[in-house]
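Structure data (compact mmCIF, N, CA and C atoms) from work.txt:
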```
# COMPACT_ATOMS: atom_id res chain seq x y z
N MET J 1 6.55 -9.04 16.31
CA MET J 1 6.84 -7.65 16.57
C MET J 1 5.54 -6.92 16.92
N VAL J 2 5.55 -6.19 18.00
CA VAL J 2 4.38 -5.44 18.45
C VAL J 2 4.54 -3.99 18.03
N THR J 3 3.52 -3.45 17.38
CA THR J 3 3.57 -2.04 16.98
C THR J 3 2.57 -1.25 17.79
N ASP J 4 2.91 -0.03 18.06
CA ASP J 4 2.04 0.86 18.81
C ASP J 4 1.05 1.50 17.83
N THR J 5 -0.22 1.18 17.96
CA THR J 5 -1.23 1.71 17.05
C THR J 5 -1.93 2.94 17.61
N ARG J 6 -1.52 3.41 18.77
CA ARG J 6 -2.19 4.56 19.37
C ARG J 6 -2.02 5.83 18.54
N LYS J 7 -0.80 6.11 18.06
CA LYS J 7 -0.56 7.34 17.30
C LYS J 7 -1.35 7.35 15.99
N PRO J 8 -1.29 6.29 15.18
CA PRO J 8 -2.10 6.31 13.96
C PRO J 8 -3.60 6.43 14.25
N ARG J 9 -4.08 5.77 15.30
CA ARG J 9 -5.51 5.89 15.62
C ARG J 9 -5.85 7.31 16.05
N LEU J 10 -4.98 7.92 16.87
CA LEU J 10 -5.23 9.29 17.30
C LEU J 10 -5.21 10.23 16.10
N LEU J 11 -4.25 10.05 15.22
CA LEU J 11 -4.15 10.87 14.02
C LEU J 11 -5.39 10.68 13.15
N GLY J 12 -5.85 9.44 13.01
CA GLY J 12 -7.06 9.17 12.25
C GLY J 12 -8.28 9.83 12.86
N THR J 13 -8.36 9.83 14.18
CA THR J 13 -9.46 10.48 14.88
C THR J 13 -9.42 11.99 14.67
N ILE J 14 -8.24 12.57 14.78
CA ILE J 14 -8.10 14.01 14.58
C ILE J 14 -8.43 14.38 13.13
N ALA J 15 -7.98 13.57 12.18
CA ALA J 15 -8.29 13.82 10.77
C ALA J 15 -9.79 13.75 10.52
N ALA J 16 -10.45 12.78 11.14
CA ALA J 16 -11.90 12.65 11.01
C ALA J 16 -12.60 13.87 11.60
N LEU J 17 -12.15 14.32 12.76
CA LEU J 17 -12.76 15.49 13.40
C LEU J 17 -12.53 16.76 12.57
N TYR J 18 -11.39 16.84 11.92
CA TYR J 18 -11.12 17.97 11.02
C TYR J 18 -12.15 17.99 9.90
N ALA J 19 -12.37 16.84 9.27
CA ALA J 19 -13.34 16.76 8.17
C ALA J 19 -14.74 17.13 8.65
N ILE J 20 -15.12 16.62 9.81
CA ILE J 20 -16.44 16.91 10.37
C ILE J 20 -16.57 18.41 10.67
N ALA J 21 -15.56 18.97 11.32
CA ALA J 21 -15.61 20.39 11.68
C ALA J 21 -15.70 21.27 10.43
N VAL J 22 -14.88 20.99 9.43
CA VAL J 22 -14.90 21.80 8.22
C VAL J 22 -16.24 21.65 7.50
N GLY J 23 -16.78 20.43 7.46
CA GLY J 23 -18.09 20.24 6.84
C GLY J 23 -19.17 21.08 7.51
N PHE J 24 -19.21 21.05 8.83
CA PHE J 24 -20.19 21.87 9.56
C PHE J 24 -19.93 23.36 9.37
N ILE J 25 -18.66 23.76 9.40
CA ILE J 25 -18.32 25.18 9.22
C ILE J 25 -18.75 25.66 7.84
N MET J 26 -18.52 24.85 6.81
CA MET J 26 -18.92 25.24 5.46
C MET J 26 -20.42 25.48 5.39
N ILE J 27 -21.19 24.57 5.96
CA ILE J 27 -22.64 24.72 5.95
C ILE J 27 -23.05 25.96 6.75
N GLY J 28 -22.43 26.15 7.91
CA GLY J 28 -22.75 27.30 8.74
C GLY J 28 -22.42 28.63 8.10
N VAL J 29 -21.23 28.72 7.51
CA VAL J 29 -20.81 29.97 6.89
C VAL J 29 -21.73 30.32 5.72
N TRP J 30 -21.97 29.37 4.83
CA TRP J 30 -22.83 29.66 3.69
C TRP J 30 -24.26 29.96 4.11
N SER J 31 -24.76 29.25 5.10
CA SER J 31 -26.12 29.53 5.61
C SER J 31 -26.19 30.94 6.17
N GLY J 32 -25.20 31.32 6.95
CA GLY J 32 -25.17 32.66 7.53
C GLY J 32 -25.06 33.75 6.47
N LEU J 33 -24.17 33.57 5.51
CA LEU J 33 -24.01 34.56 4.45
C LEU J 33 -25.28 34.70 3.62
N LEU J 34 -25.89 33.58 3.29
CA LEU J 34 -27.13 33.63 2.50
C LEU J 34 -28.27 34.27 3.29
N ALA J 35 -28.40 33.89 4.55
CA ALA J 35 -29.46 34.45 5.39
C ALA J 35 -29.29 35.96 5.59
N ALA J 36 -28.05 36.42 5.65
CA ALA J 36 -27.77 37.84 5.86
C ALA J 36 -27.77 38.63 4.55
N GLY J 37 -27.97 37.95 3.43
CA GLY J 37 -27.96 38.64 2.14
C GLY J 37 -26.58 39.14 1.75
N GLN J 38 -25.54 38.45 2.20
CA GLN J 38 -24.16 38.88 1.96
C GLN J 38 -23.52 38.16 0.77
N VAL J 39 -24.34 37.73 -0.19
CA VAL J 39 -23.81 37.02 -1.35
C VAL J 39 -24.29 37.74 -2.62
N PRO J 40 -23.61 38.83 -2.99
CA PRO J 40 -24.06 39.59 -4.17
C PRO J 40 -23.95 38.80 -5.47
N GLU J 41 -23.11 37.76 -5.47
CA GLU J 41 -22.96 36.95 -6.69
C GLU J 41 -24.26 36.26 -7.09
N LEU J 42 -25.18 36.10 -6.15
CA LEU J 42 -26.48 35.52 -6.49
C LEU J 42 -27.23 36.41 -7.48
N MET J 43 -26.96 37.71 -7.44
CA MET J 43 -27.61 38.64 -8.37
C MET J 43 -26.76 38.89 -9.61
N THR J 44 -25.44 38.97 -9.43
CA THR J 44 -24.58 39.31 -10.56
C THR J 44 -24.24 38.11 -11.44
N ASP J 45 -24.07 36.94 -10.84
CA ASP J 45 -23.72 35.71 -11.57
C ASP J 45 -24.54 34.54 -11.02
N PRO J 46 -25.85 34.58 -11.17
CA PRO J 46 -26.69 33.58 -10.47
C PRO J 46 -26.45 32.13 -10.89
N ILE J 47 -26.23 31.88 -12.14
CA ILE J 47 -26.05 30.48 -12.58
C ILE J 47 -24.70 29.96 -12.11
N GLU J 48 -23.64 30.72 -12.39
CA GLU J 48 -22.30 30.31 -11.97
C GLU J 48 -22.23 30.12 -10.46
N PHE J 49 -22.78 31.08 -9.72
CA PHE J 49 -22.69 30.99 -8.28
C PHE J 49 -23.56 29.86 -7.72
N SER J 50 -24.69 29.60 -8.34
CA SER J 50 -25.54 28.49 -7.88
C SER J 50 -24.80 27.17 -8.00
N PHE J 51 -24.09 26.99 -9.11
CA PHE J 51 -23.30 25.76 -9.26
C PHE J 51 -22.16 25.71 -8.24
N HIS J 52 -21.56 26.86 -7.98
CA HIS J 52 -20.50 26.93 -6.96
C HIS J 52 -21.06 26.54 -5.59
N LEU J 53 -22.23 27.05 -5.27
CA LEU J 53 -22.86 26.75 -3.98
C LEU J 53 -23.22 25.26 -3.88
N ILE J 54 -23.70 24.69 -4.97
CA ILE J 54 -24.00 23.24 -4.99
C ILE J 54 -22.71 22.44 -4.75
N ALA J 55 -21.62 22.83 -5.41
CA ALA J 55 -20.34 22.14 -5.22
C ALA J 55 -19.86 22.24 -3.78
N GLU J 56 -20.01 23.41 -3.18
CA GLU J 56 -19.62 23.59 -1.78
C GLU J 56 -20.49 22.72 -0.87
N GLY J 57 -21.78 22.65 -1.17
CA GLY J 57 -22.67 21.80 -0.38
C GLY J 57 -22.31 20.34 -0.48
N ILE J 58 -22.01 19.89 -1.69
CA ILE J 58 -21.59 18.49 -1.88
C ILE J 58 -20.31 18.22 -1.11
N THR J 59 -19.37 19.15 -1.18
CA THR J 59 -18.11 19.00 -0.44
C THR J 59 -18.39 18.85 1.05
N ALA J 60 -19.23 19.72 1.60
CA ALA J 60 -19.53 19.67 3.03
C ALA J 60 -20.18 18.35 3.42
N VAL J 61 -21.14 17.88 2.64
CA VAL J 61 -21.83 16.62 2.96
C VAL J 61 -20.88 15.44 2.88
N VAL J 62 -20.04 15.40 1.85
CA VAL J 62 -19.08 14.29 1.71
C VAL J 62 -18.08 14.32 2.86
N LEU J 63 -17.63 15.50 3.26
CA LEU J 63 -16.73 15.61 4.42
C LEU J 63 -17.41 15.07 5.68
N LEU J 64 -18.67 15.42 5.89
CA LEU J 64 -19.38 14.95 7.08
C LEU J 64 -19.56 13.44 7.07
N VAL J 65 -19.98 12.88 5.95
CA VAL J 65 -20.18 11.44 5.86
C VAL J 65 -18.85 10.71 6.04
N GLY J 66 -17.83 11.13 5.31
CA GLY J 66 -16.52 10.49 5.43
C GLY J 66 -15.91 10.68 6.81
N GLY J 67 -16.04 11.86 7.37
CA GLY J 67 -15.50 12.13 8.70
C GLY J 67 -16.18 11.30 9.77
N PHE J 68 -17.52 11.26 9.75
CA PHE J 68 -18.24 10.44 10.73
C PHE J 68 -17.92 8.95 10.53
N GLY J 69 -17.80 8.53 9.28
CA GLY J 69 -17.43 7.14 9.01
C GLY J 69 -16.05 6.80 9.55
N MET J 70 -15.10 7.70 9.33
CA MET J 70 -13.75 7.49 9.85
C MET J 70 -13.75 7.50 11.37
N PHE J 71 -14.49 8.43 11.96
CA PHE J 71 -14.53 8.56 13.41
C PHE J 71 -15.09 7.29 14.07
N THR J 72 -16.08 6.68 13.41
CA THR J 72 -16.68 5.45 13.95
C THR J 72 -16.03 4.19 13.38
N ARG J 73 -14.93 4.37 12.64
CA ARG J 73 -14.12 3.27 12.09
C ARG J 73 -14.93 2.32 11.19
N GLN J 74 -15.70 2.91 10.30
CA GLN J 74 -16.45 2.12 9.32
C GLN J 74 -15.51 1.71 8.19
N ARG J 75 -15.67 0.51 7.71
CA ARG J 75 -14.77 0.01 6.66
C ARG J 75 -14.91 0.78 5.35
N TRP J 76 -16.06 1.33 5.09
CA TRP J 76 -16.30 2.06 3.84
C TRP J 76 -15.81 3.50 3.89
N ALA J 77 -15.44 3.99 5.03
CA ALA J 77 -15.25 5.43 5.25
C ALA J 77 -14.04 6.02 4.53
N LEU J 78 -12.97 5.27 4.40
CA LEU J 78 -11.74 5.86 3.86
C LEU J 78 -11.94 6.45 2.48
N ARG J 79 -12.61 5.73 1.60
CA ARG J 79 -12.81 6.24 0.24
C ARG J 79 -13.65 7.51 0.23
N ILE J 80 -14.70 7.55 1.03
CA ILE J 80 -15.55 8.73 1.11
C ILE J 80 -14.77 9.90 1.71
N TYR J 81 -14.03 9.61 2.77
CA TYR J 81 -13.21 10.64 3.42
C TYR J 81 -12.22 11.23 2.42
N LEU J 82 -11.51 10.39 1.68
CA LEU J 82 -10.51 10.88 0.72
C LEU J 82 -11.17 11.67 -0.40
N LEU J 83 -12.35 11.27 -0.84
CA LEU J 83 -13.08 12.05 -1.84
C LEU J 83 -13.40 13.43 -1.28
N GLY J 84 -13.90 13.47 -0.06
CA GLY J 84 -14.21 14.76 0.56
C GLY J 84 -12.98 15.64 0.71
N MET J 85 -11.87 15.03 1.11
CA MET J 85 -10.65 15.81 1.27
C MET J 85 -10.14 16.32 -0.08
N GLY J 86 -10.30 15.53 -1.12
CA GLY J 86 -9.93 15.99 -2.46
C GLY J 86 -10.79 17.17 -2.90
N LEU J 87 -12.09 17.08 -2.64
CA LEU J 87 -12.98 18.20 -2.94
C LEU J 87 -12.57 19.43 -2.14
N LEU J 88 -12.19 19.23 -0.88
CA LEU J 88 -11.78 20.33 -0.03
C LEU J 88 -10.45 20.94 -0.50
N LEU J 89 -9.54 20.11 -0.98
CA LEU J 89 -8.29 20.65 -1.52
C LEU J 89 -8.58 21.63 -2.66
N TYR J 90 -9.48 21.23 -3.55
CA TYR J 90 -9.85 22.11 -4.65
C TYR J 90 -10.51 23.39 -4.13
N ALA J 91 -11.47 23.23 -3.21
CA ALA J 91 -12.22 24.37 -2.70
C ALA J 91 -11.31 25.37 -1.99
N THR J 92 -10.37 24.87 -1.19
CA THR J 92 -9.49 25.79 -0.46
C THR J 92 -8.51 26.49 -1.40
N LEU J 93 -8.02 25.78 -2.39
CA LEU J 93 -7.12 26.41 -3.35
C LEU J 93 -7.85 27.45 -4.19
N ALA J 94 -9.07 27.14 -4.61
CA ALA J 94 -9.88 28.10 -5.37
C ALA J 94 -10.22 29.31 -4.50
N GLY J 95 -10.55 29.08 -3.24
CA GLY J 95 -10.84 30.18 -2.32
C GLY J 95 -9.64 31.07 -2.10
N LEU J 96 -8.47 30.45 -1.99
CA LEU J 96 -7.23 31.21 -1.83
C LEU J 96 -7.03 32.13 -3.04
N GLY J 97 -7.18 31.58 -4.22
CA GLY J 97 -7.00 32.38 -5.44
C GLY J 97 -8.03 33.49 -5.57
N PHE J 98 -9.28 33.18 -5.27
CA PHE J 98 -10.35 34.18 -5.37
C PHE J 98 -10.08 35.36 -4.45
N HIS J 99 -9.79 35.06 -3.18
CA HIS J 99 -9.59 36.14 -2.22
C HIS J 99 -8.27 36.89 -2.46
N ALA J 100 -7.25 36.20 -2.94
CA ALA J 100 -6.01 36.89 -3.30
C ALA J 100 -6.27 37.86 -4.45
N GLN J 101 -7.04 37.44 -5.44
CA GLN J 101 -7.39 38.30 -6.58
C GLN J 101 -8.17 39.53 -6.12
N GLN J 102 -9.01 39.37 -5.09
CA GLN J 102 -9.80 40.48 -4.56
C GLN J 102 -8.99 41.39 -3.63
N GLY J 103 -7.74 41.01 -3.35
CA GLY J 103 -6.90 41.79 -2.45
C GLY J 103 -7.23 41.58 -0.97
N GLU J 104 -7.91 40.50 -0.68
CA GLU J 104 -8.32 40.18 0.70
C GLU J 104 -7.28 39.24 1.31
N GLN J 105 -6.17 39.81 1.78
CA GLN J 105 -5.05 39.00 2.27
C GLN J 105 -5.43 38.13 3.46
N GLY J 106 -6.24 38.63 4.36
CA GLY J 106 -6.63 37.85 5.53
C GLY J 106 -7.37 36.58 5.14
N LEU J 107 -8.36 36.72 4.27
CA LEU J 107 -9.10 35.54 3.82
C LEU J 107 -8.24 34.62 2.96
N ALA J 108 -7.39 35.21 2.13
CA ALA J 108 -6.48 34.39 1.32
C ALA J 108 -5.56 33.59 2.23
N GLY J 109 -5.05 34.24 3.28
CA GLY J 109 -4.19 33.54 4.24
C GLY J 109 -4.92 32.41 4.95
N MET J 110 -6.19 32.66 5.33
CA MET J 110 -6.98 31.62 5.98
C MET J 110 -7.16 30.41 5.05
N PHE J 111 -7.47 30.69 3.78
CA PHE J 111 -7.63 29.58 2.83
C PHE J 111 -6.30 28.86 2.59
N GLY J 112 -5.20 29.60 2.61
CA GLY J 112 -3.88 28.97 2.48
C GLY J 112 -3.60 28.02 3.64
N ILE J 113 -3.93 28.46 4.85
CA ILE J 113 -3.74 27.60 6.03
C ILE J 113 -4.65 26.38 5.95
N LEU J 114 -5.90 26.58 5.56
CA LEU J 114 -6.82 25.44 5.41
C LEU J 114 -6.32 24.47 4.34
N PHE J 115 -5.77 25.01 3.24
CA PHE J 115 -5.21 24.15 2.21
C PHE J 115 -4.09 23.28 2.78
N LEU J 116 -3.17 23.91 3.51
CA LEU J 116 -2.04 23.16 4.10
C LEU J 116 -2.52 22.13 5.11
N LEU J 117 -3.49 22.49 5.95
CA LEU J 117 -4.04 21.52 6.91
C LEU J 117 -4.70 20.35 6.19
N THR J 118 -5.39 20.65 5.11
CA THR J 118 -6.06 19.60 4.34
C THR J 118 -5.04 18.67 3.69
N VAL J 119 -3.96 19.23 3.15
CA VAL J 119 -2.88 18.40 2.60
C VAL J 119 -2.31 17.51 3.71
N PHE J 120 -2.04 18.10 4.87
CA PHE J 120 -1.47 17.33 5.98
C PHE J 120 -2.38 16.18 6.39
N PHE J 121 -3.66 16.47 6.65
CA PHE J 121 -4.56 15.43 7.12
C PHE J 121 -4.84 14.38 6.05
N THR J 122 -4.85 14.78 4.79
CA THR J 122 -5.02 13.81 3.72
C THR J 122 -3.82 12.87 3.67
N ALA J 123 -2.62 13.42 3.72
CA ALA J 123 -1.41 12.60 3.70
C ALA J 123 -1.31 11.75 4.96
N ALA J 124 -1.66 12.32 6.10
CA ALA J 124 -1.57 11.59 7.36
C ALA J 124 -2.53 10.41 7.39
N THR J 125 -3.61 10.50 6.65
CA THR J 125 -4.59 9.42 6.62
C THR J 125 -3.96 8.12 6.12
N PHE J 126 -2.94 8.21 5.31
CA PHE J 126 -2.32 7.00 4.80
C PHE J 126 -1.59 6.21 5.87
N THR J 127 -1.35 6.82 7.03
CA THR J 127 -0.76 6.07 8.13
C THR J 127 -1.82 5.25 8.87
N VAL J 128 -3.08 5.57 8.67
CA VAL J 128 -4.16 4.85 9.36
C VAL J 128 -5.03 4.06 8.38
N ARG J 129 -4.64 4.00 7.13
CA ARG J 129 -5.50 3.40 6.12
C ARG J 129 -5.76 1.92 6.32
N GLU J 130 -4.84 1.19 6.93
CA GLU J 130 -5.05 -0.24 7.13
C GLU J 130 -6.30 -0.51 7.97
N GLU J 131 -6.53 0.33 8.94
CA GLU J 131 -7.67 0.17 9.83
C GLU J 131 -8.99 0.38 9.10
N HIS J 132 -8.96 1.16 8.04
CA HIS J 132 -10.18 1.51 7.32
C HIS J 132 -10.19 0.96 5.90
N ALA J 133 -9.25 0.10 5.59
CA ALA J 133 -9.13 -0.40 4.23
C ALA J 133 -10.36 -1.21 3.83
N PRO J 134 -10.80 -1.05 2.59
CA PRO J 134 -11.94 -1.85 2.13
C PRO J 134 -11.59 -3.33 2.09
N VAL J 135 -12.57 -4.16 2.29
CA VAL J 135 -12.37 -5.59 2.27
C VAL J 135 -12.02 -6.00 0.84
N GLN J 136 -10.95 -6.76 0.67
CA GLN J 136 -10.54 -7.23 -0.64
C GLN J 136 -11.23 -8.53 -1.00
N GLY J 137 -11.45 -8.72 -2.27
CA GLY J 137 -12.05 -9.98 -2.72
C GLY J 137 -13.55 -9.97 -2.61
N GLY J 138 -14.13 -11.13 -2.80
CA GLY J 138 -15.56 -11.25 -2.90
C GLY J 138 -16.26 -11.41 -1.65
```
Take the structure in the file and give it back as structure tokens.
Amino acid sequence: MVTDTRKPRLLGTIAALYAIAVGFIMIGVWSGLLAAGQVPELMTDPIEFSFHLIAEGITAVVLLVGGFGMFTRQRWALRIYLLGMGLLLYATLAGLGFHAQQGEQGLAGMFGILFLLTVFFTAATFTVREEHAPVQGG
């Protein structure tokens, strides 16, 4: 039986590009906000916010590594990609809650859409996992 692998490969490529794009966007947004002095939490809650910023940075780097690995079809990439997507699921859900609490419906809506896209691409990755599955055995 011959199966068409074009759709799963295309979906895997799009999922990888999503991770890469979000990783770069996270770094860009935080760099811009910090450079513009638009992060008052650095003064009001410096320790808590510093840890938040470190977590966001780790998320962005893991997304970039996993996304580039998936895009280049590296055997190790799936686990890193899924870790990054899990971190992103948390970050988008937390962002949704934060901005909803602040009454910022536009930003809350954006984080809600990012959360749904992240759920979709994470779930869709399981259709392409065979191509990126780790080698079993010794």
- Message: For J:Tyr81, find every residue with an atom within 6 Å (counting only N, CA and C atoms), except residues of its own chain fewer than 6 positions away, and show them as a PyMOL selection string.
- Response: chain J and resi 65-67
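If you measure from each of J:Ile47, J:Ala124, J:Met26, J:Leu53 to J:Pro8 using all atoms listed in the file, the closest one turns out to be J:Ala124.
Take the candidates J:Leu42, J:Ala77, J:Ala36, J:Ile25 and check each one against J:Glu56 using only C-alpha atoms; the shortest distance goes to J:Ile25.
Proximity of J:Ala15, J:Ala123, J:Leu116, J:Ile80 to J:Thr92, computed with only N, CA and C atoms, is greatest for J:Leu116.
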- Message: If I take atom C of J:Thr13 and atom CA of J:Ala55, how far is one from the other in Å, to one decimal?
- Response: 24.9 Å
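What separates atom CA of J:Trp76 from atom CA of J:Leu117 is a distance of 23.2 Å.
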- Tell me, which residues of stretch 3-114 of chain J carry DSSP helix (DSSP H, G or I), written as a PyMOL selection string? chain J and resi 6-35+41-44+46-71+77-101+105-114
- Could you name the residues that touch J:Phe115 at 6.5 Å or less, counting only N, CA and C atoms, but leaving out those on the same chain fewer than 5 positions away, as number ranges by chain? J: 89, 92-93, 110, 120
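Separating atom CA of J:Leu107 from atom C of J:Ala60 is a distance of 20.5 Å.
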- With only C-alpha atoms as the atoms that count, which of J:Phe71, J:Thr127, J:Arg79, J:Leu88 lies nearest to J:Ile14? J:Phe71
- Message: So that I can see what lies close to J:Ala16, please list as a list in words the residues with an atom at most 6 Å from it, counting all atoms listed in the file and leaving out residues fewer than 3 positions away in the same chain.
- Response: Leu11, Gly12, Thr13, Ala19, Ile20, Ala21, Gly67, Phe68, Met70 and Phe71 of chain J
